[in-house]
$ cat coords_9.txt   # compact mmCIF, C-alpha atoms
# COMPACT_ATOMS: atom_id res chain seq x y z
CA MET L 10 114.62 77.94 90.34
CA PHE L 11 114.35 81.42 91.75
CA ASN L 12 113.80 83.41 94.89
CA LEU L 13 113.96 87.03 95.99
CA ILE L 14 116.72 87.67 98.50
CA VAL L 15 115.85 91.00 100.09
CA LEU L 16 118.99 93.15 100.14
CA LEU L 17 118.95 96.85 100.88
CA LYS L 18 120.56 98.66 97.99
CA LYS L 19 119.63 102.31 97.95
CA ASP L 20 115.88 102.34 97.34
CA SER L 21 115.57 98.96 95.67
CA ILE L 22 115.30 95.24 96.38
CA VAL L 23 117.55 92.91 94.40
CA MET L 24 116.11 89.79 92.79
CA LYS L 25 118.34 86.72 93.10
CA GLY L 26 118.12 82.95 92.59
CA ARG L 27 116.20 80.19 94.52
CA ASN L 28 112.58 79.11 94.77
CA MET L 29 110.20 82.03 95.51
CA LYS L 30 107.35 82.38 97.94
CA ILE L 31 104.64 84.18 95.97
CA LEU L 32 101.41 85.65 97.31
CA VAL L 33 98.76 85.76 94.57
CA SER L 34 95.53 87.75 94.71
CA ASN L 35 93.16 89.45 92.28
CA ASP L 36 89.98 91.51 91.94
CA ASP L 37 87.97 88.97 89.92
CA GLY L 38 87.45 86.60 92.85
CA ILE L 39 89.09 83.34 93.91
CA ALA L 40 87.09 81.28 91.39
CA ALA L 41 88.19 83.33 88.36
CA ASN L 42 90.03 81.45 85.64
CA GLY L 43 92.78 84.08 85.50
CA ILE L 44 94.01 83.43 89.03
CA ARG L 45 93.58 79.68 88.68
CA CYS L 46 95.64 79.55 85.49
CA LEU L 47 98.32 81.79 86.99
CA THR L 48 98.66 79.82 90.22
CA SER L 49 98.73 76.49 88.40
CA THR L 50 101.64 77.70 86.28
CA LEU L 51 103.59 79.38 89.09
CA ALA L 52 103.18 76.43 91.46
CA LYS L 53 105.31 74.25 89.18
CA GLU L 54 108.39 76.26 90.18
CA HIS L 55 107.49 78.32 93.24
CA ASP L 56 105.71 78.16 96.61
CA VAL L 57 102.38 79.86 95.93
CA TYR L 58 99.88 81.18 98.47
CA VAL L 59 96.48 82.52 97.44
CA ILE L 60 94.38 85.08 99.32
CA ALA L 61 91.57 86.41 97.15
CA PRO L 62 88.10 87.99 97.39
CA ASP L 63 85.04 85.76 97.57
CA ARG L 64 83.48 87.62 94.62
CA GLU L 65 84.36 90.05 91.85
CA ARG L 66 85.68 93.36 93.15
CA SER L 67 86.62 95.03 89.87
CA ALA L 68 87.18 98.82 89.89
CA ALA L 69 87.41 98.72 93.68
CA GLY L 70 90.44 100.98 93.56
CA HIS L 71 92.62 101.08 96.65
CA SER L 72 89.82 100.63 99.15
CA LEU L 73 90.04 98.81 102.48
CA THR L 74 87.38 97.36 104.76
CA LEU L 75 87.21 99.52 107.90
CA HIS L 76 83.67 99.52 109.30
CA THR L 77 82.54 95.91 108.89
CA PRO L 78 84.13 92.62 109.99
CA LEU L 79 86.60 91.18 107.50
CA ARG L 80 85.98 87.45 107.32
CA VAL L 81 88.67 85.03 106.18
CA GLU L 82 88.25 81.30 105.51
CA GLU L 83 90.96 78.87 104.54
CA VAL L 84 89.85 76.74 101.59
CA GLU L 85 91.20 73.58 100.05
CA ALA L 86 94.47 74.25 98.25
CA TYR L 87 94.19 73.72 94.51
CA ASN L 88 96.45 73.53 91.46
CA GLY L 89 99.52 72.78 93.56
CA VAL L 90 99.38 75.93 95.71
CA LYS L 91 100.63 75.61 99.29
CA ARG L 92 97.62 77.21 101.00
CA ALA L 93 94.59 79.28 99.95
CA TRP L 94 92.16 81.62 101.68
CA VAL L 95 89.04 83.49 100.63
CA THR L 96 87.99 86.82 102.18
CA THR L 97 84.96 89.09 102.17
CA GLY L 98 87.26 92.05 101.60
CA THR L 99 88.72 94.06 98.75
CA PRO L 100 91.87 93.20 96.78
CA GLY L 101 93.84 95.56 99.02
CA ASP L 102 92.43 93.83 102.10
CA CYS L 103 93.63 90.47 100.82
CA VAL L 104 97.26 91.50 100.57
CA LYS L 105 97.24 93.63 103.70
CA ILE L 106 95.69 91.02 105.98
CA GLY L 107 97.64 88.25 104.29
CA ILE L 108 101.04 89.74 105.04
CA ASN L 109 100.14 91.19 108.44
CA ALA L 110 97.93 88.48 109.95
CA ILE L 111 97.42 85.29 107.94
CA LEU L 112 100.76 84.12 106.58
CA THR L 113 103.26 82.79 109.10
CA PRO L 114 106.78 84.25 109.28
CA GLU L 115 107.99 81.28 107.22
CA GLU L 116 105.32 81.96 104.57
CA GLN L 117 106.00 85.69 104.10
CA PRO L 118 106.11 86.46 100.38
CA ASP L 119 109.15 87.42 98.35
CA LEU L 120 106.80 88.67 95.67
CA VAL L 121 103.14 89.67 95.28
CA ILE L 122 101.39 89.07 91.97
CA SER L 123 97.89 90.39 91.29
CA GLY L 124 95.94 88.84 88.43
CA ILE L 125 95.58 87.64 85.85
CA ASN L 126 92.82 90.19 85.28
CA HIS L 127 90.46 89.67 82.36
CA GLY L 128 90.43 93.10 80.79
CA PRO L 129 93.18 95.70 80.36
CA ASN L 130 94.54 98.01 83.05
CA LEU L 131 96.11 100.76 81.00
CA GLY L 132 96.81 104.47 81.22
CA ALA L 133 95.29 106.64 83.91
CA ASP L 134 92.49 104.10 84.31
CA ILE L 135 94.79 102.13 86.66
CA LEU L 136 93.67 104.59 89.37
CA TYR L 137 90.35 102.72 89.48
CA SER L 138 91.81 99.23 89.15
CA GLY L 139 91.47 96.69 91.91
CA THR L 140 94.15 94.60 90.20
CA VAL L 141 96.71 97.40 90.29
CA SER L 142 95.73 98.49 93.80
CA CYS L 143 96.20 94.94 95.02
CA ALA L 144 99.81 95.03 93.79
CA MET L 145 100.25 98.54 95.19
CA GLU L 146 99.32 97.27 98.64
CA GLY L 147 102.15 94.77 98.37
CA ALA L 148 104.57 97.56 97.42
CA MET L 149 103.35 99.69 100.32
CA LEU L 150 104.21 96.79 102.63
CA GLY L 151 107.72 96.58 101.18
CA VAL L 152 107.24 93.55 98.94
CA PRO L 153 108.09 93.65 95.19
CA SER L 154 104.78 93.44 93.35
CA ILE L 155 103.41 92.88 89.87
CA ALA L 156 99.96 93.59 88.44
CA MET L 157 99.09 91.33 85.51
CA SER L 158 96.23 91.84 83.04
CA LEU L 159 95.07 90.28 79.79
CA ALA L 160 93.68 92.92 77.43
CA SER L 161 90.60 90.86 76.64
CA MET L 162 87.16 90.45 78.13
CA ASN L 163 87.24 86.71 77.42
CA TYR L 164 87.51 84.73 80.64
CA GLU L 165 87.86 81.12 79.50
CA TYR L 166 90.80 79.30 81.12
CA GLU L 167 92.76 78.78 77.92
CA HIS L 168 92.82 82.50 77.17
CA PHE L 169 95.09 83.05 80.18
CA GLU L 170 97.62 80.31 79.46
CA TYR L 171 100.11 82.42 77.50
CA SER L 172 99.98 85.27 80.03
CA ALA L 173 100.74 82.82 82.84
CA LYS L 174 103.59 81.34 80.82
CA PHE L 175 104.95 84.85 80.24
CA VAL L 176 104.98 85.61 83.97
CA ASN L 177 107.09 82.54 84.68
CA LEU L 178 109.55 83.58 81.97
CA LEU L 179 109.60 87.16 83.25
CA LEU L 180 110.58 86.10 86.76
CA LYS L 181 113.66 84.38 85.36
CA LYS L 182 114.53 87.41 83.22
CA LEU L 183 114.25 89.70 86.26
CA LYS L 184 117.07 87.93 88.10
CA GLY L 185 119.35 90.69 89.39
CA PHE L 186 116.83 93.45 88.73
CA ASN L 187 116.91 96.21 91.37
CA PHE L 188 113.19 96.25 92.10
CA PRO L 189 112.45 99.85 93.19
CA LYS L 190 110.71 100.32 96.51
CA LYS L 191 107.29 102.01 96.49
CA SER L 192 106.77 100.73 92.94
CA ILE L 193 105.15 97.94 90.97
CA LEU L 194 105.36 96.59 87.45
CA ASN L 195 102.04 96.92 85.64
CA ILE L 196 101.86 94.40 82.80
CA ASN L 197 99.28 94.11 80.02
CA VAL L 198 99.27 91.27 77.50
CA PRO L 199 97.45 91.68 74.15
CA ALA L 200 94.59 89.28 73.49
CA LEU L 201 96.49 87.37 70.80
CA ASP L 202 97.91 83.93 70.13
CA GLU L 203 101.51 83.54 71.28
CA GLU L 204 102.91 83.61 67.76
CA ASP L 205 101.20 86.94 67.07
CA ILE L 206 102.79 88.77 70.03
CA ALA L 207 105.23 91.33 68.55
CA GLY L 208 107.49 91.58 71.60
CA VAL L 209 107.80 93.45 74.87
CA ALA L 210 107.74 97.23 75.36
CA ILE L 211 108.86 99.14 78.47
CA THR L 212 106.33 101.94 78.55
CA GLU L 213 104.92 104.93 80.36
CA LEU L 214 101.28 105.26 81.30
CA GLY L 215 99.01 106.57 78.56
CA ARG L 216 96.00 108.79 78.98
CA LYS L 217 92.59 107.51 79.97
CA MET L 218 91.41 104.71 77.73
CA PHE L 219 87.82 105.94 77.53
CA THR L 220 86.00 109.25 77.42
CA ASP L 221 83.79 110.12 80.39
CA ASN L 222 80.45 109.96 78.63
CA TYR L 223 77.19 109.01 80.32
CA GLU L 224 73.87 108.18 78.69
CA LYS L 225 70.77 109.39 80.47
CA ARG L 226 68.04 106.75 80.31
CA ILE L 227 64.58 106.09 81.69
CA ASP L 228 63.73 102.74 83.28
CA PRO L 229 60.32 100.99 82.81
CA ARG L 230 59.00 102.73 85.93
CA GLY L 231 59.86 106.16 84.60
CA LYS L 232 62.88 106.67 86.84
CA VAL L 233 66.02 108.32 85.49
CA TYR L 234 69.31 106.41 85.53
CA TYR L 235 72.71 106.84 83.89
CA TRP L 236 74.82 104.35 81.98
CA MET L 237 78.55 104.92 81.52
CA ALA L 238 79.11 104.85 77.76
CA GLY L 239 82.64 106.14 77.21
CA GLU L 240 84.29 105.68 73.82
CA LEU L 241 87.85 104.42 73.27
CA ILE L 242 90.38 107.25 73.04
CA THR L 243 92.77 107.09 70.10
CA GLU L 244 96.48 107.10 71.00
CA ALA L 245 99.31 107.72 68.50
CA GLU L 246 100.79 104.40 67.44
CA ASP L 247 104.37 105.71 67.76
CA SER L 248 103.93 106.94 71.35
CA ASN L 249 105.77 105.15 74.13
CA THR L 250 102.66 104.40 76.15
CA ASP L 251 101.16 101.18 77.43
CA ILE L 252 98.03 101.78 75.38
CA ALA L 253 100.00 102.18 72.14
CA ALA L 254 102.13 99.11 72.91
CA VAL L 255 99.14 96.82 73.37
CA LYS L 256 97.55 98.30 70.25
CA ASN L 257 100.77 97.38 68.41
CA ASN L 258 100.53 93.77 69.66
CA LYS L 259 103.27 94.15 72.28
CA ILE L 260 103.27 93.26 75.96
CA SER L 261 103.53 96.50 77.92
CA ILE L 262 105.56 96.64 81.14
CA THR L 263 105.16 99.91 83.02
CA PRO L 264 106.94 100.76 86.28
CA VAL L 265 104.44 102.64 88.45
CA THR L 266 104.96 104.26 91.85
CA TYR L 267 102.52 105.27 94.56
CA GLU L 268 104.90 108.07 95.64
CA MET L 269 102.61 110.90 94.53
CA THR L 270 104.35 113.95 96.00
CA LYS L 271 105.10 116.46 93.24
CA GLU L 272 108.47 117.51 94.61
CA ASP L 273 109.37 119.87 91.76
CA VAL L 274 106.32 122.02 92.63
CA MET L 275 106.98 122.25 96.38
CA ALA L 276 109.60 125.02 96.23
CA ASN L 277 107.50 127.18 93.91
CA LEU L 278 104.39 126.70 96.04
CA GLU L 279 106.29 127.51 99.22
CA ASN L 280 107.69 130.66 97.61
CA ILE L 281 104.17 131.83 96.75
CA LEU L 282 102.36 130.85 99.95
CA CYS L 283 105.07 131.02 102.58
CA LYS L 284 107.45 133.81 101.52
CA GLY L 285 108.85 135.45 104.62
CA ASP L 286 106.44 134.73 107.46
CA SER L 287 103.38 134.50 105.20
CA CYS L 288 102.80 130.80 106.11
CA ASN L 289 101.97 131.93 109.62
CA TRP L 290 98.48 132.92 108.46
CA PHE L 291 96.68 132.56 111.76
CA ASN L 292 98.67 134.87 114.02
$ encode --input "coords_9.txt" --output "structure tokens"
Amino acid sequence: MFNLIVLLKKDSIVMKGRNMKILVSNDDGIAANGIRCLTSTLAKEHDVYVIAPDRERSAAGHSLTLHTPLRVEEVEAYNGVKRAWVTTGTPGDCVKIGINAILTPEEQPDLVISGINHGPNLGADILYSGTVSCAMEGAMLGVPSIAMSLASMNYEYEHFEYSAKFVNLLLKKLKGFNFPKKSILNINVPALDEEDIAGVAITELGRKMFTDNYEKRIDPRGKVYYWMAGELITEAEDSNTDIAAVKNNKISITPVTYEMTKEDVMANLENILCKGDSCNWFN
């Protein structure tokens, strides 16, 4: 059985053996079948804690609750988890308040897992994803984190069973992996039976999955409204992107960082804007 021993090694955290403490959250709400299937599977080998929203918070992005009270209620532990809480907040809230205020020092997680989301989180669309942002919050707090999605809109319990099984296998495979700080692993599983999965692909993010099209409509009272009606963007099957991998029946694993500074542009920008004393614009 496995655990994360946190060792400083350059900018990474090394995964090593023993039973893990895992904090699980999501953006589909605590009652979603994805999180229930995941926690049931993980709890067989690890100490699992659940802190999840009280309702669906899909496409919440990396938002936090700042101007209203954030309510937290401990609920009956289920599926073998150690403890469980429900919050009125966003996915990011759940991880942030969980690590900083709810979990005791003895319960602090070795790993954060967000999911299993019903629906893909691929390409640039992860910028809007509550699932990915939930994992990103864990990374921002210095905890190795994984975002897990099933590329299907089906939400019956049995549809998530293979994805949950894959996560358990992945944790064993990651023993010794230097988990980079400020980063997560974003994983998408094709909506297929286990025997039809063609393998695993380590990928880069693709483009947006859908075009930004809106349909203008009129409601029964004559008022104008808009309905997002984007179409799926075609991606080359031989490209090394997460979108292409899932299309080719492979599980995509994409390392993603929240470190957004474009360092290779800084020197050029400084040369243009700050040459000599030109950055001192206001004197």
$ axis_aligned_box --input "coords_9.txt" --around "segment 146-153 of chain L" --padding-each-side "6 Å" --output "lines of an AutoDock Vina configuration file"
center_x = 103.7
center_y = 96.6
center_z = 98.9
size_x = 20.8
size_y = 18.1
size_z = 19.4
$ residues_around --input "coords_9.txt" --residues "Ala40 of chain L" --least-positions-apart "3" --cutoff "9 Å" --atoms "all atoms listed in the file" --output "mmCIF file with C-alpha atoms, in the frame of the given file"
data_model
loop_
_atom_site.group_PDB
_atom_site.id
_atom_site.type_symbol
_atom_site.label_atom_id
_atom_site.label_comp_id
_atom_site.auth_asym_id
_atom_site.auth_seq_id
_atom_site.Cartn_x
_atom_site.Cartn_y
_atom_site.Cartn_z
ATOM 1 C CA ASP L 37 87.970 88.970 89.920
ATOM 2 C CA GLY L 43 92.780 84.080 85.500
ATOM 3 C CA ILE L 44 94.010 83.430 89.030
ATOM 4 C CA ARG L 45 93.580 79.680 88.680
ATOM 5 C CA ALA L 61 91.570 86.410 97.150
ATOM 6 C CA ASP L 63 85.040 85.760 97.570
ATOM 7 C CA ARG L 64 83.480 87.620 94.620
#
$ atom_distance --input "coords_9.txt" --atom1 "atom CA of Gly38 of chain L" --atom2 "atom CA of Lys259 of chain L"
27.0 Å
$ atom_distance --input "coords_9.txt" --atom1 "atom CA of Asn126 of chain L" --atom2 "atom CA of Thr140 of chain L"
6.7 Å
$ residues_around --input "coords_9.txt" --residues "Ile125 of chain L" --least-positions-apart "5" --cutoff "10 Å" --atoms "all atoms listed in the file" --output "short mmCIF file (atom, residue, chain, number, x, y, z; two decimals) with C-alpha atoms, keeping the file's coordinate frame"
data_model
loop_
_atom_site.label_atom_id
_atom_site.label_comp_id
_atom_site.auth_asym_id
_atom_site.auth_seq_id
_atom_site.Cartn_x
_atom_site.Cartn_y
_atom_site.Cartn_z
CA VAL L 33 98.76 85.76 94.57
CA SER L 34 95.53 87.75 94.71
CA ASN L 35 93.16 89.45 92.28
CA ASP L 36 89.98 91.51 91.94
CA ASP L 37 87.97 88.97 89.92
CA ALA L 41 88.19 83.33 88.36
CA ASN L 42 90.03 81.45 85.64
CA GLY L 43 92.78 84.08 85.50
CA ILE L 44 94.01 83.43 89.03
CA ARG L 45 93.58 79.68 88.68
CA CYS L 46 95.64 79.55 85.49
CA LEU L 47 98.32 81.79 86.99
CA THR L 48 98.66 79.82 90.22
CA THR L 140 94.15 94.60 90.20
CA ALA L 156 99.96 93.59 88.44
CA MET L 157 99.09 91.33 85.51
CA SER L 158 96.23 91.84 83.04
CA LEU L 159 95.07 90.28 79.79
CA PHE L 169 95.09 83.05 80.18
CA GLU L 170 97.62 80.31 79.46
CA SER L 172 99.98 85.27 80.03
CA ALA L 173 100.74 82.82 82.84
CA VAL L 176 104.98 85.61 83.97
CA ILE L 196 101.86 94.40 82.80
CA ASN L 197 99.28 94.11 80.02
CA VAL L 198 99.27 91.27 77.50
#
$ residues_around --input "coords_9.txt" --residues "segment 147-152 of chain L" --least-positions-apart "6" --cutoff "6 Å" --atoms "all atoms listed in the file" --output "PDB file with C-alpha atoms, in the frame of the given file"
ATOM      1  CA  LEU L 120     106.800  88.670  95.670  1.00  0.00           C
ATOM      2  CA  LYS L 191     107.290 102.010  96.490  1.00  0.00           C
ATOM      3  CA  SER L 192     106.770 100.730  92.940  1.00  0.00           C
TER       4      SER L 192
END
$ closest_residue --input "coords_9.txt" --among "L:Ile39, L:Val84, L:Ile122, L:Ile252" --to "Val57 of chain L" --atoms "only C-alpha atoms"
L:Ile122
$ atom_distance --input "coords_9.txt" --atom1 "atom CA of Thr50 of chain L" --atom2 "atom CA of Tyr171 of chain L"
10.1 Å
$ closest_residue --input "coords_9.txt" --among "L:Ser49, L:Glu82, L:Asn258, L:Leu282" --to "Glu204 of chain L" --atoms "all atoms listed in the file"
L:Asn258
$ residues_near_point --input "coords_9.txt" --point "(84.6, 89.0, 107.6)" --cutoff "10 Å" --atoms "all atoms listed in the file" --output "CSV table (one decimal) with C-alpha atoms, keeping the file's coordinate frame"
chain,number,residue,atom,x,y,z
L,74,THR,CA,87.4,97.4,104.8
L,77,THR,CA,82.5,95.9,108.9
L,78,PRO,CA,84.1,92.6,110.0
L,79,LEU,CA,86.6,91.2,107.5
L,80,ARG,CA,86.0,87.4,107.3
L,81,VAL,CA,88.7,85.0,106.2
L,82,GLU,CA,88.2,81.3,105.5
L,95,VAL,CA,89.0,83.5,100.6
L,96,THR,CA,88.0,86.8,102.2
L,97,THR,CA,85.0,89.1,102.2
L,98,GLY,CA,87.3,92.0,101.6
$ closest_residue --input "coords_9.txt" --among "L:Cys283, L:Leu278, L:Ala200, L:Cys288" --to "Lys256 of chain L" --atoms "only C-alpha atoms"
L:Ala200
$ closest_residue --input "coords_9.txt" --among "L:Asn109, L:Thr263, L:Asn177, L:Thr99" --to "Leu214 of chain L" --atoms "only C-alpha atoms"
L:Thr263
$ residues_near_point --input "coords_9.txt" --point "(105.3, 77.0, 91.6)" --cutoff "12 Å" --atoms "all atoms listed in the file" --output "mmCIF file with C-alpha atoms, keeping the file's coordinate frame"
data_model
loop_
_atom_site.group_PDB
_atom_site.id
_atom_site.type_symbol
_atom_site.label_atom_id
_atom_site.label_comp_id
_atom_site.auth_asym_id
_atom_site.auth_seq_id
_atom_site.Cartn_x
_atom_site.Cartn_y
_atom_site.Cartn_z
ATOM 1 C CA MET L 10 114.620 77.940 90.340
ATOM 2 C CA PHE L 11 114.350 81.420 91.750
ATOM 3 C CA ASN L 12 113.800 83.410 94.890
ATOM 4 C CA ARG L 27 116.200 80.190 94.520
ATOM 5 C CA ASN L 28 112.580 79.110 94.770
ATOM 6 C CA MET L 29 110.200 82.030 95.510
ATOM 7 C CA LYS L 30 107.350 82.380 97.940
ATOM 8 C CA ILE L 31 104.640 84.180 95.970
ATOM 9 C CA LEU L 32 101.410 85.650 97.310
ATOM 10 C CA VAL L 33 98.760 85.760 94.570
ATOM 11 C CA CYS L 46 95.640 79.550 85.490
ATOM 12 C CA LEU L 47 98.320 81.790 86.990
ATOM 13 C CA THR L 48 98.660 79.820 90.220
ATOM 14 C CA SER L 49 98.730 76.490 88.400
ATOM 15 C CA THR L 50 101.640 77.700 86.280
ATOM 16 C CA LEU L 51 103.590 79.380 89.090
ATOM 17 C CA ALA L 52 103.180 76.430 91.460
ATOM 18 C CA LYS L 53 105.310 74.250 89.180
ATOM 19 C CA GLU L 54 108.390 76.260 90.180
ATOM 20 C CA HIS L 55 107.490 78.320 93.240
ATOM 21 C CA ASP L 56 105.710 78.160 96.610
ATOM 22 C CA VAL L 57 102.380 79.860 95.930
ATOM 23 C CA TYR L 58 99.880 81.180 98.470
ATOM 24 C CA VAL L 59 96.480 82.520 97.440
ATOM 25 C CA TYR L 87 94.190 73.720 94.510
ATOM 26 C CA ASN L 88 96.450 73.530 91.460
ATOM 27 C CA GLY L 89 99.520 72.780 93.560
ATOM 28 C CA VAL L 90 99.380 75.930 95.710
ATOM 29 C CA LYS L 91 100.630 75.610 99.290
ATOM 30 C CA ALA L 173 100.740 82.820 82.840
ATOM 31 C CA LYS L 174 103.590 81.340 80.820
ATOM 32 C CA VAL L 176 104.980 85.610 83.970
ATOM 33 C CA ASN L 177 107.090 82.540 84.680
ATOM 34 C CA LEU L 180 110.580 86.100 86.760
#
$ closest_residue --input "coords_9.txt" --among "L:Met162, L:Leu131, L:Ile111, L:Ile106" --to "Asn195 of chain L" --atoms "all atoms listed in the file"
L:Leu131
$ decode --input "coords_9.txt" --residues "segment 26-39 of chain L" --atoms "N, CA and C atoms" --output "PDB file, in the first residue's frame"
ATOM      1  N   GLY L  26       6.302   4.673  -0.976  1.00  0.00           N
ATOM      2  CA  GLY L  26       5.339   3.704  -0.492  1.00  0.00           C
ATOM      3  C   GLY L  26       4.696   3.973   0.838  1.00  0.00           C
ATOM      4  N   ARG L  27       3.619   3.432   1.198  1.00  0.00           N
ATOM      5  CA  ARG L  27       2.766   3.420   2.395  1.00  0.00           C
ATOM      6  C   ARG L  27       1.387   3.939   2.057  1.00  0.00           C
ATOM      7  N   ASN L  28       0.456   3.702   2.934  1.00  0.00           N
ATOM      8  CA  ASN L  28      -0.941   4.086   2.765  1.00  0.00           C
ATOM      9  C   ASN L  28      -1.090   5.609   2.681  1.00  0.00           C
ATOM     10  N   MET L  29      -1.832   6.108   1.672  1.00  0.00           N
ATOM     11  CA  MET L  29      -1.968   7.553   1.470  1.00  0.00           C
ATOM     12  C   MET L  29      -3.177   8.139   2.175  1.00  0.00           C
ATOM     13  N   LYS L  30      -3.043   9.399   2.547  1.00  0.00           N
ATOM     14  CA  LYS L  30      -4.196  10.207   2.935  1.00  0.00           C
ATOM     15  C   LYS L  30      -4.584  11.019   1.709  1.00  0.00           C
ATOM     16  N   ILE L  31      -5.809  10.829   1.225  1.00  0.00           N
ATOM     17  CA  ILE L  31      -6.253  11.456  -0.013  1.00  0.00           C
ATOM     18  C   ILE L  31      -7.475  12.331   0.251  1.00  0.00           C
ATOM     19  N   LEU L  32      -7.381  13.584  -0.156  1.00  0.00           N
ATOM     20  CA  LEU L  32      -8.532  14.484  -0.108  1.00  0.00           C
ATOM     21  C   LEU L  32      -9.211  14.465  -1.475  1.00  0.00           C
ATOM     22  N   VAL L  33     -10.490  14.119  -1.493  1.00  0.00           N
ATOM     23  CA  VAL L  33     -11.245  14.024  -2.743  1.00  0.00           C
ATOM     24  C   VAL L  33     -12.314  15.106  -2.773  1.00  0.00           C
ATOM     25  N   SER L  34     -12.416  15.795  -3.901  1.00  0.00           N
ATOM     26  CA  SER L  34     -13.477  16.772  -4.115  1.00  0.00           C
ATOM     27  C   SER L  34     -13.915  16.687  -5.569  1.00  0.00           C
ATOM     28  N   ASN L  35     -14.842  17.572  -5.958  1.00  0.00           N
ATOM     29  CA  ASN L  35     -15.309  17.570  -7.342  1.00  0.00           C
ATOM     30  C   ASN L  35     -16.067  18.854  -7.633  1.00  0.00           C
ATOM     31  N   ASP L  36     -16.640  18.938  -8.830  1.00  0.00           N
ATOM     32  CA  ASP L  36     -17.517  20.083  -9.145  1.00  0.00           C
ATOM     33  C   ASP L  36     -18.929  19.640  -9.476  1.00  0.00           C
ATOM     34  N   ASP L  37     -19.202  18.334  -9.360  1.00  0.00           N
ATOM     35  CA  ASP L  37     -20.539  17.809  -9.648  1.00  0.00           C
ATOM     36  C   ASP L  37     -21.394  17.682  -8.392  1.00  0.00           C
ATOM     37  N   GLY L  38     -20.808  17.951  -7.226  1.00  0.00           N
ATOM     38  CA  GLY L  38     -21.556  17.861  -5.982  1.00  0.00           C
ATOM     39  C   GLY L  38     -21.293  16.548  -5.258  1.00  0.00           C
ATOM     40  N   ILE L  39     -21.486  16.558  -3.946  1.00  0.00           N
ATOM     41  CA  ILE L  39     -21.133  15.411  -3.113  1.00  0.00           C
ATOM     42  C   ILE L  39     -21.964  14.172  -3.423  1.00  0.00           C
TER      43      ILE L  39
END
